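Report on the following structure.
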Amino acid sequence: MPPHFHAQYGGDEVIVSINDIEVIEGQLPNKQLKMLLGWAAFHQEELKENWLLAEQQQELFAIEPLK
């Protein structure tokens with residue numbers, strides 16, 4: 001899998017590509033998905049940094065959550 005993250009809302013889950021900010025798999029309600037993709041675009045560099053840390057099995061840092 002390419003660099004990605006998982007997000008959940010209610011009983012739904014998506015996997016989002018960090019590089020493309022696109023859904024790889026799953027679905028969320030439209031409003032929540034738009035908010036999530038906007039958050040991911042804003043935090044894309046942080047997500048990339050955390051991905052590299054995860055690959056090196058290092059501790060990840062917190063990213064401001066979606067509000």
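If you're wondering about the labels, chains in the structure tokens are A, B, ... by order shown, residues count from 1 in each chain, ligands from 1 in order shown.
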Within chain A, find each residue whose DSSP state, derived from the backbone, is helix (DSSP H, G or I), and express the selection as a short mmCIF file (atom, residue, chain, number, x, y, z; two decimals) with N, CA and C atoms, in the first residue's frame.
```
data_model
loop_
_atom_site.label_atom_id
_atom_site.label_comp_id
_atom_site.auth_asym_id
_atom_site.auth_seq_id
_atom_site.Cartn_x
_atom_site.Cartn_y
_atom_site.Cartn_z
N ASN A 30 -20.77 12.00 2.84
CA ASN A 30 -20.17 13.04 2.01
C ASN A 30 -19.63 14.23 2.82
N LYS A 31 -20.41 14.75 3.74
CA LYS A 31 -19.98 15.91 4.53
C LYS A 31 -18.72 15.60 5.32
N GLN A 32 -18.70 14.45 5.99
CA GLN A 32 -17.55 14.07 6.80
C GLN A 32 -16.33 13.79 5.93
N LEU A 33 -16.55 13.20 4.75
CA LEU A 33 -15.44 12.92 3.85
C LEU A 33 -14.80 14.22 3.36
N LYS A 34 -15.61 15.21 2.99
CA LYS A 34 -15.07 16.49 2.54
C LYS A 34 -14.25 17.14 3.65
N MET A 35 -14.75 17.09 4.89
CA MET A 35 -14.01 17.66 6.01
C MET A 35 -12.70 16.92 6.22
N LEU A 36 -12.73 15.60 6.14
CA LEU A 36 -11.53 14.79 6.34
C LEU A 36 -10.49 15.08 5.26
N LEU A 37 -10.89 15.16 4.01
CA LEU A 37 -9.94 15.41 2.93
C LEU A 37 -9.34 16.81 3.04
N GLY A 38 -10.13 17.78 3.49
CA GLY A 38 -9.60 19.12 3.73
C GLY A 38 -8.57 19.12 4.85
N TRP A 39 -8.89 18.39 5.94
CA TRP A 39 -7.95 18.25 7.06
C TRP A 39 -6.66 17.60 6.57
N ALA A 40 -6.77 16.54 5.78
CA ALA A 40 -5.59 15.81 5.30
C ALA A 40 -4.73 16.70 4.41
N ALA A 41 -5.34 17.51 3.57
CA ALA A 41 -4.58 18.41 2.71
C ALA A 41 -3.82 19.43 3.55
N PHE A 42 -4.47 19.94 4.59
CA PHE A 42 -3.85 20.93 5.47
C PHE A 42 -2.68 20.33 6.24
N GLN A 44 -0.92 17.52 5.33
CA GLN A 44 -0.25 16.54 4.48
C GLN A 44 1.23 16.34 4.84
N GLU A 45 1.96 17.41 5.08
CA GLU A 45 3.38 17.28 5.41
C GLU A 45 3.58 16.53 6.73
N GLU A 46 2.73 16.81 7.71
CA GLU A 46 2.82 16.11 8.99
C GLU A 46 2.51 14.62 8.81
N LEU A 47 1.51 14.33 7.98
CA LEU A 47 1.17 12.93 7.71
C LEU A 47 2.33 12.20 7.04
N LYS A 48 3.00 12.88 6.10
CA LYS A 48 4.16 12.28 5.44
C LYS A 48 5.29 12.02 6.44
N GLU A 49 5.53 12.98 7.33
CA GLU A 49 6.58 12.81 8.33
C GLU A 49 6.27 11.63 9.25
N ASN A 50 5.03 11.52 9.67
CA ASN A 50 4.64 10.41 10.53
C ASN A 50 4.75 9.07 9.80
N TRP A 51 4.45 9.06 8.50
CA TRP A 51 4.58 7.83 7.71
C TRP A 51 6.04 7.37 7.72
N LEU A 52 6.97 8.31 7.51
CA LEU A 52 8.39 7.95 7.52
C LEU A 52 8.82 7.44 8.89
N LEU A 53 8.32 8.06 9.95
CA LEU A 53 8.63 7.58 11.30
C LEU A 53 8.10 6.16 11.51
N ALA A 54 6.88 5.92 11.04
CA ALA A 54 6.27 4.59 11.19
C ALA A 54 7.08 3.54 10.45
N GLU A 55 7.58 3.89 9.26
CA GLU A 55 8.40 2.94 8.50
C GLU A 55 9.68 2.59 9.26
#
```
Contacts of Val16 (chain A) at 9 Å or less, counting only C-alpha atoms, minus same-chain residues fewer than 6 places along, as a ChimeraX atom specification? /A:3-7,22-26,37,40
Leaving out Tyr9 (chain A) and any residue of its chain fewer than 5 positions from it, which residues lie within 9 Å of it when counting only C-alpha atoms, given as a list in words? Val14, Leu28, Pro29 and Gln32 of chain A
